[in-house]
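Single-structure report; data block below.
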Amino acid sequence: TQLKEIKPLKTELSKFMMCYKFALKEIETKINQLEQELEYVNEYNPVKQVVTRVKSPQSILRKVNSKGIPFSLDVIREEIHDIAGVRITCLFTDDIYEISRKLLMQKDIKVVDYKNYIKYPKQNGYRSLHLIIQVPVLMSDGIEYVNVEVQIRTVAMDYWASLEHKLYNKYNKEIPFHIALELREAAHSAAVLDEKMERLRLEMEESDEISGTEADLLELW
Ligand code: 0O2
C-alpha cells in the first residue's frame, strides 16, 4: 500500500519540476533568438552570458520553511517565484534595460513582478534587475503558466554578487560587520565603475557617429 501511495506523489513531483525545466528551455530559446536578432540588426550582442538553473528540492524546502508556508505544490507554485531561474550577464547598465524591454515586449510573456535593485540597491549593496515572468508551457494535459525569475546584471554586479553569496554561506548568513562594511564599499565601487563604463561607451558611440558623418561627407565630395 505504501508504494501505491508514494507513486502518484512521485509522479506529481516529477511533473512539477519538469514544468520549470521546460519553462527554462522556452526562455533560453527566446533569449538566444533575441541575441541573434540584435547581433544582426545592431552588430552588437548585449548578452555576455546566460545561466539557467532549477532550484534543488532541498533549497525549495528551505525556502518553504523560511517563508512559513505549507508544503503544498499549489502554494509553492504561487509563493516561490525563483524555482526556475535565468541569470543574464551583460557589459553595460543600459544593456540590462534593453534586454528587459525586449523580453517583456514578447506577447506570450506576462510580467508578475519587477524588482529594480539597481535603482534601489539592497541594504547590503546588492544590485540587479529581477523580473518574475510567466511563461506558457505546453504539457500533455494543457498549457501551464510557469513562473521564471530572470536576473539581469552587469559583469561588475555579478562579480560582487558571487563573492557576497560565498561569504553569506561561509558565515552562515551572519557576515561579520567589518566584512559587510567592505562589501558595501565594494558594491559602491562596482556601481561607480558601471557608470564610468557607460559614459565611455556613450562617448565612443558619439565619436563613431561623427566619424561616420565625416566619412559620408567625404564620399559625397
Ligand atoms: P540562489 O542560491 O541564487 O537560488 P521574495 O520571494 O520576493 O519574498 P526573494 O525570493 O528573496 O524574496 O526574492 P529576491 O529578492 O528577488 O531574491 C531572489 C534571488 O536573488 C536570490 O535567490 C539570489 O539569487 C538573488 N539575491 C537576492 N538578494 C541577494 C543578495 O543580497 N546577495 C546575492 N548574492 N544574491 C541575492 P536565493 O534563493 O536567495 O539564492
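Here, A, B, ... name the chains of the C-alpha cells in the order displayed, residue numbers run from 1 inside each chain, and ligands are numbered from 1 in the same displayed order.
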Quick one: DSSP strand (DSSP E) residues in segment 98-205 of chain A, as an mmCIF file with N, CA and C atoms, in the first residue's frame?
```cif
data_model
loop_
_atom_site.group_PDB
_atom_site.id
_atom_site.type_symbol
_atom_site.label_atom_id
_atom_site.label_comp_id
_atom_site.auth_asym_id
_atom_site.auth_seq_id
_atom_site.Cartn_x
_atom_site.Cartn_y
_atom_site.Cartn_z
ATOM 1 N N LYS A 110 4.218 37.114 -19.582
ATOM 2 C CA LYS A 110 3.465 38.002 -18.686
ATOM 3 C C LYS A 110 4.358 38.362 -17.501
ATOM 4 N N VAL A 111 4.393 39.662 -17.160
ATOM 5 C CA VAL A 111 5.226 40.055 -16.004
ATOM 6 C C VAL A 111 4.399 39.913 -14.733
ATOM 7 N N VAL A 112 4.971 39.247 -13.764
ATOM 8 C CA VAL A 112 4.288 39.069 -12.481
ATOM 9 C C VAL A 112 4.855 40.060 -11.466
ATOM 10 N N ASP A 113 6.171 40.287 -11.557
ATOM 11 C CA ASP A 113 6.813 41.195 -10.607
ATOM 12 C C ASP A 113 8.077 41.774 -11.249
ATOM 13 N N TYR A 114 8.457 42.960 -10.792
ATOM 14 C CA TYR A 114 9.624 43.654 -11.367
ATOM 15 C C TYR A 114 10.334 44.320 -10.197
ATOM 16 N N LYS A 115 11.552 43.860 -9.896
ATOM 17 C CA LYS A 115 12.279 44.467 -8.767
ATOM 18 C C LYS A 115 13.546 45.105 -9.303
ATOM 19 N N ASN A 116 13.631 46.424 -9.124
ATOM 20 C CA ASN A 116 14.807 47.113 -9.644
ATOM 21 C C ASN A 116 15.798 47.396 -8.511
ATOM 22 N N LEU A 129 18.657 43.550 -11.807
ATOM 23 C CA LEU A 129 17.250 43.759 -12.164
ATOM 24 C C LEU A 129 16.583 42.388 -12.132
ATOM 25 N N HIS A 130 15.504 42.270 -11.368
ATOM 26 C CA HIS A 130 14.802 40.987 -11.282
ATOM 27 C C HIS A 130 13.432 41.096 -11.944
ATOM 28 N N LEU A 131 13.172 40.172 -12.838
ATOM 29 C CA LEU A 131 11.835 40.105 -13.433
ATOM 30 C C LEU A 131 11.258 38.748 -13.078
ATOM 31 N N ILE A 132 10.029 38.745 -12.598
ATOM 32 C CA ILE A 132 9.346 37.457 -12.454
ATOM 33 C C ILE A 132 8.351 37.420 -13.599
ATOM 34 N N ILE A 133 8.559 36.447 -14.480
ATOM 35 C CA ILE A 133 7.684 36.365 -15.639
ATOM 36 C C ILE A 133 6.951 35.020 -15.658
ATOM 37 N N GLN A 134 5.845 34.991 -16.404
ATOM 38 C CA GLN A 134 5.134 33.739 -16.571
ATOM 39 C C GLN A 134 5.284 33.284 -18.009
ATOM 40 N N VAL A 135 5.750 32.053 -18.156
ATOM 41 C CA VAL A 135 5.992 31.509 -19.486
ATOM 42 C C VAL A 135 5.000 30.364 -19.731
ATOM 43 N N PRO A 136 4.293 30.384 -20.876
ATOM 44 C CA PRO A 136 3.391 29.259 -21.136
ATOM 45 C C PRO A 136 4.157 28.007 -21.553
ATOM 46 N N VAL A 137 3.810 26.895 -20.932
ATOM 47 C CA VAL A 137 4.479 25.633 -21.262
ATOM 48 C C VAL A 137 3.406 24.636 -21.672
ATOM 49 N N LEU A 138 3.612 24.011 -22.818
ATOM 50 C CA LEU A 138 2.606 23.064 -23.318
ATOM 51 C C LEU A 138 2.864 21.685 -22.730
ATOM 52 N N MET A 139 1.939 21.240 -21.862
ATOM 53 C CA MET A 139 2.058 19.894 -21.283
ATOM 54 C C MET A 139 0.996 19.020 -21.959
ATOM 55 N N GLY A 142 -2.558 20.176 -21.243
ATOM 56 C CA GLY A 142 -2.911 21.591 -21.402
ATOM 57 C C GLY A 142 -1.734 22.519 -21.166
ATOM 58 N N ILE A 143 -2.034 23.839 -21.215
ATOM 59 C CA ILE A 143 -0.963 24.829 -21.050
ATOM 60 C C ILE A 143 -0.804 25.171 -19.578
ATOM 61 N N GLU A 144 0.443 25.203 -19.101
ATOM 62 C CA GLU A 144 0.714 25.644 -17.719
ATOM 63 C C GLU A 144 1.474 26.954 -17.798
ATOM 64 N N TYR A 145 1.097 27.904 -16.950
ATOM 65 C CA TYR A 145 1.827 29.166 -16.924
ATOM 66 C C TYR A 145 2.827 29.097 -15.774
ATOM 67 N N VAL A 146 4.097 29.065 -16.136
ATOM 68 C CA VAL A 146 5.138 28.783 -15.148
ATOM 69 C C VAL A 146 5.943 30.043 -14.812
ATOM 70 N N ASN A 147 6.149 30.291 -13.516
ATOM 71 C CA ASN A 147 6.944 31.449 -13.084
ATOM 72 C C ASN A 147 8.434 31.212 -13.298
ATOM 73 N N VAL A 148 9.084 32.212 -13.842
ATOM 74 C CA VAL A 148 10.545 32.146 -14.006
ATOM 75 C C VAL A 148 11.126 33.460 -13.490
ATOM 76 N N GLU A 149 12.180 33.357 -12.672
ATOM 77 C CA GLU A 149 12.842 34.587 -12.233
ATOM 78 C C GLU A 149 14.014 34.876 -13.176
ATOM 79 N N VAL A 150 13.999 36.069 -13.766
ATOM 80 C CA VAL A 150 15.096 36.457 -14.652
ATOM 81 C C VAL A 150 15.910 37.537 -13.944
ATOM 82 N N GLN A 151 17.165 37.255 -13.704
ATOM 83 C CA GLN A 151 18.045 38.251 -13.080
ATOM 84 C C GLN A 151 18.938 38.803 -14.187
ATOM 85 N N ILE A 152 18.926 40.116 -14.364
ATOM 86 C CA ILE A 152 19.781 40.716 -15.394
ATOM 87 C C ILE A 152 20.748 41.659 -14.689
ATOM 88 N N ARG A 153 22.019 41.481 -14.935
ATOM 89 C CA ARG A 153 23.032 42.287 -14.244
ATOM 90 C C ARG A 153 24.283 42.499 -15.107
ATOM 91 N N THR A 154 25.079 43.479 -14.709
ATOM 92 C CA THR A 154 26.346 43.677 -15.424
ATOM 93 C C THR A 154 27.379 42.700 -14.859
#
```
**Study point:** Residues within 9 Å of ligand 1, counting only C-alpha atoms and all ligand atoms, as a ChimeraX atom specification
**Key:** /A:53-56,59-60,63,67,79-83,85,87,113-115,117,122-132,149,151,158,160-168
Could those selected residues go to a file with N, CA and C atoms, as a CSV table (one decimal), in the first residue's frame?
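Here's the written file selection_10.csv:
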```
chain,number,residue,atom,x,y,z
A,53,ARG,N,19.1,27.7,-14.0
A,53,ARG,CA,19.1,26.6,-13.0
A,53,ARG,C,17.7,26.4,-12.5
A,54,VAL,N,17.4,25.1,-12.2
A,54,VAL,CA,16.2,24.8,-11.4
A,54,VAL,C,16.6,24.6,-10.0
A,55,LYS,N,15.9,25.3,-9.1
A,55,LYS,CA,16.2,25.2,-7.6
A,55,LYS,C,16.2,23.7,-7.2
A,56,SER,N,17.1,23.3,-6.4
A,56,SER,CA,17.1,22.0,-5.9
A,56,SER,C,16.0,21.8,-4.9
A,59,SER,N,16.7,23.1,-1.5
A,59,SER,CA,16.6,24.6,-1.5
A,59,SER,C,15.2,25.1,-1.5
A,60,ILE,N,14.3,24.4,-2.2
A,60,ILE,CA,12.9,24.7,-2.2
A,60,ILE,C,12.3,24.5,-0.8
A,63,LYS,N,13.3,27.2,1.6
A,63,LYS,CA,12.5,28.4,1.4
A,63,LYS,C,11.1,28.3,1.9
A,67,LYS,N,9.8,30.8,4.7
A,67,LYS,CA,8.6,31.6,4.5
A,67,LYS,C,7.4,31.2,5.3
A,79,GLU,N,3.8,30.9,-4.3
A,79,GLU,CA,4.6,31.7,-3.4
A,79,GLU,C,6.1,31.8,-3.7
A,80,ILE,N,6.6,30.7,-4.3
A,80,ILE,CA,8.1,30.7,-4.5
A,80,ILE,C,8.3,31.0,-6.0
A,81,HIS,N,8.9,32.1,-6.3
A,81,HIS,CA,8.9,32.6,-7.7
A,81,HIS,C,10.2,32.2,-8.4
A,82,ASP,N,11.2,31.8,-7.6
A,82,ASP,CA,12.5,31.6,-8.3
A,82,ASP,C,12.9,30.1,-8.4
A,83,ILE,N,11.9,29.2,-8.6
A,83,ILE,CA,12.3,27.8,-8.7
A,83,ILE,C,13.0,27.6,-10.0
A,85,GLY,N,15.3,29.7,-12.6
A,85,GLY,CA,16.0,31.0,-12.6
A,85,GLY,C,16.9,31.1,-13.8
A,87,ARG,N,19.9,33.8,-15.3
A,87,ARG,CA,20.8,34.9,-15.0
A,87,ARG,C,21.4,35.4,-16.3
A,113,ASP,N,6.2,40.3,-11.6
A,113,ASP,CA,6.8,41.2,-10.6
A,113,ASP,C,8.1,41.8,-11.2
A,114,TYR,N,8.5,43.0,-10.8
A,114,TYR,CA,9.6,43.7,-11.4
A,114,TYR,C,10.3,44.3,-10.2
A,115,LYS,N,11.6,43.9,-9.9
A,115,LYS,CA,12.3,44.5,-8.8
A,115,LYS,C,13.5,45.1,-9.3
A,117,TYR,N,16.7,46.4,-8.3
A,117,TYR,CA,17.7,46.6,-7.2
A,117,TYR,C,18.9,47.4,-7.8
A,122,LYS,N,19.9,46.8,-2.5
A,122,LYS,CA,19.5,46.3,-1.2
A,122,LYS,C,20.5,46.9,-0.2
A,123,GLN,N,20.1,46.8,1.1
A,123,GLN,CA,20.9,47.3,2.2
A,123,GLN,C,22.4,46.9,2.1
A,124,ASN,N,22.6,45.6,1.7
A,124,ASN,CA,24.0,45.1,1.7
A,124,ASN,C,24.8,45.5,0.4
A,125,GLY,N,24.1,46.2,-0.5
A,125,GLY,CA,24.8,46.7,-1.7
A,125,GLY,C,24.4,45.9,-3.0
A,126,TYR,N,23.6,44.8,-2.8
A,126,TYR,CA,23.2,44.0,-3.9
A,126,TYR,C,22.5,44.8,-5.0
A,127,ARG,N,23.0,44.7,-6.3
A,127,ARG,CA,22.3,45.3,-7.4
A,127,ARG,C,22.0,44.3,-8.5
A,128,SER,N,20.9,44.4,-9.1
A,128,SER,CA,20.5,43.5,-10.2
A,128,SER,C,19.1,43.9,-10.6
A,129,LEU,N,18.7,43.6,-11.8
A,129,LEU,CA,17.3,43.8,-12.2
A,129,LEU,C,16.6,42.4,-12.1
A,130,HIS,N,15.5,42.3,-11.4
A,130,HIS,CA,14.8,41.0,-11.3
A,130,HIS,C,13.4,41.1,-11.9
A,131,LEU,N,13.2,40.2,-12.8
A,131,LEU,CA,11.8,40.1,-13.4
A,131,LEU,C,11.3,38.7,-13.1
A,132,ILE,N,10.0,38.7,-12.6
A,132,ILE,CA,9.3,37.5,-12.5
A,132,ILE,C,8.4,37.4,-13.6
A,149,GLU,N,12.2,33.4,-12.7
A,149,GLU,CA,12.8,34.6,-12.2
A,149,GLU,C,14.0,34.9,-13.2
A,151,GLN,N,17.2,37.3,-13.7
A,151,GLN,CA,18.0,38.3,-13.1
A,151,GLN,C,18.9,38.8,-14.2
A,158,ASP,N,27.6,41.1,-11.1
A,158,ASP,CA,27.7,39.6,-11.0
A,158,ASP,C,28.9,39.2,-10.1
A,160,TRP,N,30.4,41.0,-7.9
A,160,TRP,CA,30.1,41.3,-6.5
A,160,TRP,C,29.2,40.3,-5.8
A,161,ALA,N,28.1,40.0,-6.6
A,161,ALA,CA,27.0,39.1,-6.0
A,161,ALA,C,27.6,37.7,-5.8
A,162,SER,N,28.5,37.2,-6.6
A,162,SER,CA,29.1,35.9,-6.4
A,162,SER,C,29.9,35.8,-5.2
A,163,LEU,N,30.7,36.9,-4.9
A,163,LEU,CA,31.5,36.9,-3.7
A,163,LEU,C,30.6,37.0,-2.5
A,164,GLU,N,29.6,37.9,-2.5
A,164,GLU,CA,28.8,38.1,-1.4
A,164,GLU,C,28.0,36.8,-1.0
A,165,HIS,N,27.6,36.1,-2.1
A,165,HIS,CA,26.9,34.8,-1.9
A,165,HIS,C,27.8,33.8,-1.2
A,166,LYS,N,29.1,33.8,-1.6
A,166,LYS,CA,30.0,32.8,-1.0
A,166,LYS,C,30.2,33.2,0.5
A,167,LEU,N,30.4,34.5,0.8
A,167,LEU,CA,30.6,34.9,2.2
A,167,LEU,C,29.4,34.6,3.0
A,168,TYR,N,28.2,34.9,2.4
A,168,TYR,CA,26.9,34.7,3.1
A,168,TYR,C,26.8,33.2,3.6
```
Exercise for review: Pick out the closest residue to Ala191 of chain A from this set: A:Pro57, A:Pro46, A:Pro121, A:Gly68. Count only C-alpha atoms.
Suggested key: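 Smallest distance to Ala191 of chain A is found for A:Pro121.
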Practice item. Considering only C-alpha atoms, return as a PyMOL selection string whatever protein or nucleic-acid residues lie within 10 Å of segment 33-41 of chain A, sequence-local ones (same chain, fewer than 6 positions apart) excluded. Key: chain A and resi 27+47-48+99+102-103
Please write the residues from the selection above to a file, keeping N, CA and C atoms, as a compact mmCIF listing (two decimals), in the first residue's frame.
```
# COMPACT_ATOMS: atom_id res chain seq x y z
N ILE A 27 12.44 29.96 -22.39
CA ILE A 27 13.00 31.30 -22.21
C ILE A 27 14.44 31.36 -22.76
N VAL A 47 24.20 40.56 -24.71
CA VAL A 47 24.25 39.45 -23.75
C VAL A 47 25.63 38.80 -23.73
N LYS A 48 26.23 38.74 -22.56
CA LYS A 48 27.55 38.13 -22.47
C LYS A 48 27.46 36.69 -22.01
N ILE A 99 17.61 44.63 -22.74
CA ILE A 99 17.23 43.21 -22.77
C ILE A 99 15.87 43.02 -22.10
N LYS A 102 13.06 44.22 -24.37
CA LYS A 102 12.84 43.32 -25.50
C LYS A 102 12.14 42.03 -25.05
N LEU A 103 12.52 41.54 -23.87
CA LEU A 103 11.90 40.31 -23.37
C LEU A 103 10.43 40.54 -23.07
```
Practice item. Determine which residues of segment 9-50 of chain A DSSP labels as alpha helix (DSSP H) from the backbone of this structure, then write them out as a PyMOL selection string. Key: chain A and resi 9-42
Would you export the selected residues with N, CA and C atoms as an mmCIF file, in the first residue's frame, please?
```cif
data_model
loop_
_atom_site.group_PDB
_atom_site.id
_atom_site.type_symbol
_atom_site.label_atom_id
_atom_site.label_comp_id
_atom_site.auth_asym_id
_atom_site.auth_seq_id
_atom_site.Cartn_x
_atom_site.Cartn_y
_atom_site.Cartn_z
ATOM 1 N N LEU A 9 2.428 10.531 -5.857
ATOM 2 C CA LEU A 9 3.107 11.716 -5.321
ATOM 3 C C LEU A 9 4.403 11.967 -6.084
ATOM 4 N N LYS A 10 5.117 10.838 -6.340
ATOM 5 C CA LYS A 10 6.377 10.946 -7.085
ATOM 6 C C LYS A 10 6.121 11.473 -8.494
ATOM 7 N N THR A 11 5.050 10.973 -9.128
ATOM 8 C CA THR A 11 4.713 11.412 -10.488
ATOM 9 C C THR A 11 4.365 12.895 -10.466
ATOM 10 N N GLU A 12 3.599 13.300 -9.444
ATOM 11 C CA GLU A 12 3.181 14.703 -9.353
ATOM 12 C C GLU A 12 4.397 15.618 -9.163
ATOM 13 N N LEU A 13 5.328 15.173 -8.303
ATOM 14 C CA LEU A 13 6.538 15.967 -8.049
ATOM 15 C C LEU A 13 7.399 16.078 -9.307
ATOM 16 N N SER A 14 7.532 14.951 -10.016
ATOM 17 C CA SER A 14 8.358 14.967 -11.237
ATOM 18 C C SER A 14 7.747 15.910 -12.250
ATOM 19 N N LYS A 15 6.409 15.889 -12.362
ATOM 20 C CA LYS A 15 5.742 16.754 -13.333
ATOM 21 C C LYS A 15 5.925 18.219 -12.944
ATOM 22 N N PHE A 16 5.837 18.465 -11.635
ATOM 23 C CA PHE A 16 6.018 19.817 -11.090
ATOM 24 C C PHE A 16 7.393 20.372 -11.488
ATOM 25 N N MET A 17 8.446 19.576 -11.279
ATOM 26 C CA MET A 17 9.802 20.018 -11.597
ATOM 27 C C MET A 17 10.008 20.125 -13.114
ATOM 28 N N MET A 18 9.354 19.212 -13.840
ATOM 29 C CA MET A 18 9.508 19.189 -15.295
ATOM 30 C C MET A 18 9.016 20.493 -15.929
ATOM 31 N N CYS A 19 7.900 21.017 -15.395
ATOM 32 C CA CYS A 19 7.333 22.265 -15.922
ATOM 33 C C CYS A 19 8.378 23.371 -15.885
ATOM 34 N N TYR A 20 9.118 23.449 -14.781
ATOM 35 C CA TYR A 20 10.129 24.504 -14.632
ATOM 36 C C TYR A 20 11.276 24.305 -15.627
ATOM 37 N N LYS A 21 11.622 23.020 -15.828
ATOM 38 C CA LYS A 21 12.704 22.723 -16.775
ATOM 39 C C LYS A 21 12.282 23.160 -18.187
ATOM 40 N N PHE A 22 11.032 22.865 -18.535
ATOM 41 C CA PHE A 22 10.541 23.224 -19.872
ATOM 42 C C PHE A 22 10.434 24.754 -20.017
ATOM 43 N N ALA A 23 10.009 25.412 -18.944
ATOM 44 C CA ALA A 23 9.882 26.876 -18.999
ATOM 45 C C ALA A 23 11.252 27.500 -19.259
ATOM 46 N N LEU A 24 12.285 26.924 -18.622
ATOM 47 C CA LEU A 24 13.639 27.454 -18.835
ATOM 48 C C LEU A 24 14.097 27.253 -20.276
ATOM 49 N N LYS A 25 13.746 26.101 -20.838
ATOM 50 C CA LYS A 25 14.104 25.833 -22.248
ATOM 51 C C LYS A 25 13.457 26.890 -23.152
ATOM 52 N N GLU A 26 12.164 27.183 -22.872
ATOM 53 C CA GLU A 26 11.431 28.173 -23.672
ATOM 54 C C GLU A 26 12.124 29.529 -23.614
ATOM 55 N N ILE A 27 12.437 29.956 -22.389
ATOM 56 C CA ILE A 27 13.005 31.295 -22.210
ATOM 57 C C ILE A 27 14.439 31.363 -22.755
ATOM 58 N N GLU A 28 15.160 30.243 -22.650
ATOM 59 C CA GLU A 28 16.518 30.191 -23.217
ATOM 60 C C GLU A 28 16.468 30.384 -24.732
ATOM 61 N N THR A 29 15.476 29.741 -25.370
ATOM 62 C CA THR A 29 15.325 29.874 -26.826
ATOM 63 C C THR A 29 15.007 31.324 -27.176
ATOM 64 N N LYS A 30 14.103 31.936 -26.396
ATOM 65 C CA LYS A 30 13.729 33.325 -26.663
ATOM 66 C C LYS A 30 14.958 34.236 -26.562
ATOM 67 N N ILE A 31 15.752 34.037 -25.498
ATOM 68 C CA ILE A 31 16.935 34.889 -25.313
ATOM 69 C C ILE A 31 17.920 34.678 -26.467
ATOM 70 N N ASN A 32 18.078 33.420 -26.841
ATOM 71 C CA ASN A 32 19.009 33.108 -27.915
ATOM 72 C C ASN A 32 18.590 33.773 -29.230
ATOM 73 N N GLN A 33 17.288 33.744 -29.515
ATOM 74 C CA GLN A 33 16.801 34.383 -30.756
ATOM 75 C C GLN A 33 16.996 35.895 -30.684
ATOM 76 N N LEU A 34 16.731 36.427 -29.499
ATOM 77 C CA LEU A 34 16.895 37.867 -29.287
ATOM 78 C C LEU A 34 18.356 38.269 -29.527
ATOM 79 N N GLU A 35 19.280 37.464 -29.005
ATOM 80 C CA GLU A 35 20.715 37.731 -29.194
ATOM 81 C C GLU A 35 21.078 37.752 -30.667
ATOM 82 N N GLN A 36 20.576 36.739 -31.396
ATOM 83 C CA GLN A 36 20.914 36.653 -32.827
ATOM 84 C C GLN A 36 20.362 37.841 -33.589
ATOM 85 N N GLU A 37 19.120 38.237 -33.225
ATOM 86 C CA GLU A 37 18.488 39.345 -33.939
ATOM 87 C C GLU A 37 19.247 40.649 -33.665
ATOM 88 N N LEU A 38 19.588 40.879 -32.384
ATOM 89 C CA LEU A 38 20.293 42.120 -32.039
ATOM 90 C C LEU A 38 21.672 42.176 -32.693
ATOM 91 N N GLU A 39 22.320 41.028 -32.718
ATOM 92 C CA GLU A 39 23.646 40.941 -33.351
ATOM 93 C C GLU A 39 23.533 41.314 -34.832
ATOM 94 N N TYR A 40 22.462 40.838 -35.465
ATOM 95 C CA TYR A 40 22.259 41.078 -36.889
ATOM 96 C C TYR A 40 21.880 42.541 -37.162
ATOM 97 N N VAL A 41 20.937 43.060 -36.346
ATOM 98 C CA VAL A 41 20.437 44.418 -36.595
ATOM 99 C C VAL A 41 21.436 45.478 -36.146
ATOM 100 N N ASN A 42 21.966 45.315 -34.927
ATOM 101 C CA ASN A 42 22.838 46.372 -34.362
ATOM 102 C C ASN A 42 24.328 46.059 -34.451
#
```
**Study point:** Length of the atom CA of Ala190 of chain A to atom CA of Ile96 of chain A vector [Å]
**Key:**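 Separation between atom CA of Ala190 of chain A and atom CA of Ile96 of chain A: 15.3 Å.
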Point to revise | Non-local contacts of Glu198 of chain A (12 Å; only C-alpha atoms; under 2 positions in same chain excluded) as a PyMOL selection string | key: chain A and resi 90-96+154+191-196+200-205
Emit the selected residues as a compact mmCIF listing (two decimals), in the first residue's frame, including C-alpha atoms.
```txt
# COMPACT_ATOMS: atom_id res chain seq x y z
CA CYS A 90 25.92 41.95 -19.85
CA LEU A 91 28.60 44.64 -20.07
CA PHE A 92 26.67 47.88 -19.59
CA THR A 93 23.78 49.01 -17.38
CA ASP A 94 21.87 50.27 -20.44
CA ASP A 95 22.04 46.75 -21.89
CA ILE A 96 20.12 45.47 -18.87
CA THR A 154 26.35 43.68 -15.42
CA ALA A 191 28.38 50.94 -9.30
CA VAL A 192 30.87 53.75 -9.99
CA LEU A 193 32.71 51.51 -12.46
CA ASP A 194 29.44 50.69 -14.25
CA GLU A 195 28.62 54.40 -14.57
CA LYS A 196 32.11 55.17 -15.88
CA LEU A 200 32.86 55.85 -22.05
CA ARG A 201 30.57 53.79 -24.24
CA LEU A 202 28.38 56.82 -24.97
CA GLU A 203 31.45 58.87 -25.83
CA MET A 204 32.66 56.15 -28.17
CA GLU A 205 29.26 55.94 -29.86
```
Practice item. Report the distance between atom CA of Ile118 of chain A and atom CA of His188 of chain A in Å, rounded to one decimal place. Key: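 Between atom CA of Ile118 of chain A and atom CA of His188 of chain A the gap works out to 11.3 Å.
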